[in-house]
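Below: one structure, written as structure tokens.
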Amino acid sequence: RRRHTRSFHVTGVQTCALPICRNQFGGVIGGPIRQDKTFFFADYQGQRQTTGRTVISTVPTLLQRQGVFTEAIAGRVPAIYDPATTVGSIRSPFPGNTIPLGRMDPVARALLERYPLPTSAGTANNYRRLDNESVDQDQFSVRIDHRPSAGDQLFGRLTRFQETFIPVTPLPDGSGVTAGTLGPQDTGSWSFASNYQRTLSGTAFNELRIGDTRRAVTRTAAELGGTASATLGLPG
């Protein structure tokens with residue numbers, strides 16, 4: 001089954017259609033292994049889904065990247081003080097609210113370069129990213145039923161589930177602040193179930209059940225190309 005839908009996102013006077021595409025497929029097979037004694041059943045189902053997402057976050061403005069803090073933040077222009085002018089508990093602001101590039105810490109500048117340029121004006125919610133979020137799922141089950149005698153019957157079932165979820169992160173390198181999952185997530189599980197039934201008499205019945213489920217979730221987020229010291233120039 002294949003399904004395409006569209007959601008709409010409005011920004012200013014521009015309307016963007018964000019696609020949703022889902023493909024679901026699968027199949028079943030079953031039959032006797034031994035006539036009137038042993039039967040098997042197997043099924044598989046898969047899903048491939050992509051959803052267009054828009055994520056809005058805040059990044060340094062073009063002026064802020066140059067050390068110029070003359071733009072209003074939350075309705076007012078903040079005063080940027082020069083720590084080198086501290087006398088007692090008094091400091092003087094940088095002239096023109098501008099930090100000279102030569103006074104910027106190299107590590108801070110290295111971190112600053114990891115931020116993308118803003119896509120809109122303003123000091124807040126000024127970066128919009130549109131990308132596809134994907135969810136891929138695969139699941140299969142195998143079951144065998146066996147009746148060794150008229151009063152005994154048993155079955156065993158094994159199920160495997162695997163999901164890979166790749167969200168749209170606030171920033172292209174996989175970093176940023178989000179309320180959801182940050183970075184790719186892999187979920188896998190194994191499940192086993194079995195049952196044995198025996199009729200002891202017309203009034204007595206015995207049943208044994210054994211099952212187990214194992215589930216693992218692996219998450220990754222933004223990674224530096226090496227150690228923080230080597231990549232960002234952190235001393236020590």
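By convention in this document, the chains of the structure tokens carry letters A, B, ... by their order, each chain's residues are numbered from 1, and ligands are numbered from 1 in the order they are shown.
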Using only C-alpha atoms, which residues sit within 10 Å of Tyr115 in chain A once same-chain residues fewer than 5 positions away are excluded, as an MDAnalysis selection string? chainID A and resid 58:60 65 110 171:173 175:176
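Note that DSSP on the backbone gives alpha helix (DSSP H) to these residues of range 4-235 of chain A: Leu62, Leu63, Gln64, Arg65, Pro106, Val107, Ala108, Arg109, Ala110, Leu111, Leu112, Ala228, Ser229, Ala230, Thr231 and Leu232 of chain A.
Nearest residue to Thr54 in chain A among A:Phe140, A:Phe69, A:Phe41, A:Tyr127 is A:Tyr127, counting only C-alpha atoms.
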Write out as a ChimeraX atom specification which residues come within 9 Å of Ser92 in chain A when counting only C-alpha atoms, dropping same-chain ones fewer than 4 positions away. /A:80-86
Run DSSP on the backbone and grab whatever in range 60-180 of chain A lands in strand (DSSP E or B); send it over as JSON, numbers by chain. {"A": [68, 73, 76, 81, 82, 83, 84, 85, 86, 87, 90, 91, 92, 93, 98, 127, 128, 129, 130, 131, 132, 133, 134, 135, 136, 137, 138, 139, 140, 141, 142, 143, 144, 145, 146, 147, 148, 149, 152, 153, 154, 155, 156, 157, 158, 159, 160, 161, 162, 163, 164, 165, 166]}
May I ask for the distance between CA of Tyr196 in chain A and CA of Gly156 in chain A, given in Å to one decimal place? 9.0 Å
Could you make a table, as a Markdown table, of the residues of range 86-202 of chain A that have an atom within 10 Å of an atom of range 211-226 of chain A, each with its nearest atom pair and distance in Å to one decimal, counting only C-alpha atoms, in chain and number order?
| residue | atom | partner | partner_atom | distance |
| --- | --- | --- | --- | --- |
| A:Gly156 | CA | A:Gly211 | CA | 9.2 |
| A:Arg157 | CA | A:Gly211 | CA | 9.2 |
| A:Leu158 | CA | A:Gly211 | CA | 9.7 |
| A:Thr159 | CA | A:Thr213 | CA | 9.2 |
| A:Arg160 | CA | A:Arg214 | CA | 9.8 |
| A:Phe161 | CA | A:Arg215 | CA | 9.1 |
| A:Gln162 | CA | A:Ala216 | CA | 9.8 |
| A:Glu163 | CA | A:Val217 | CA | 9.5 |
| A:Thr164 | CA | A:Thr218 | CA | 9.7 |
| A:Phe165 | CA | A:Arg219 | CA | 9.5 |
| A:Ile166 | CA | A:Arg219 | CA | 10.0 |
| A:Thr169 | CA | A:Ala221 | CA | 9.3 |
| A:Leu171 | CA | A:Ala222 | CA | 9.6 |
| A:Pro172 | CA | A:Ala222 | CA | 9.4 |
| A:Asp173 | CA | A:Ala222 | CA | 6.1 |
| A:Gly174 | CA | A:Ala222 | CA | 4.7 |
| A:Ser175 | CA | A:Ala222 | CA | 5.3 |
| A:Gly176 | CA | A:Ala222 | CA | 8.9 |
| A:Thr181 | CA | A:Arg219 | CA | 8.6 |
| A:Leu182 | CA | A:Ala221 | CA | 6.0 |
| A:Gly183 | CA | A:Ala221 | CA | 4.4 |
| A:Pro184 | CA | A:Thr220 | CA | 5.6 |
| A:Gln185 | CA | A:Arg219 | CA | 4.5 |
| A:Asp186 | CA | A:Thr218 | CA | 5.1 |
| A:Thr187 | CA | A:Val217 | CA | 4.5 |
| A:Gly188 | CA | A:Ala216 | CA | 5.4 |
| A:Ser189 | CA | A:Arg215 | CA | 4.2 |
| A:Trp190 | CA | A:Arg214 | CA | 5.2 |
| A:Ser191 | CA | A:Thr213 | CA | 4.3 |
| A:Phe192 | CA | A:Asp212 | CA | 5.2 |
| A:Ala193 | CA | A:Gly211 | CA | 4.2 |
| A:Ser194 | CA | A:Gly211 | CA | 6.1 |
| A:Asn195 | CA | A:Gly211 | CA | 8.6 |
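Distances from A:Ala42, A:Asp152, A:Cys21, A:Gly67 to Asp105 in chain A were compared using only C-alpha atoms, and the smallest one belongs to A:Gly67.
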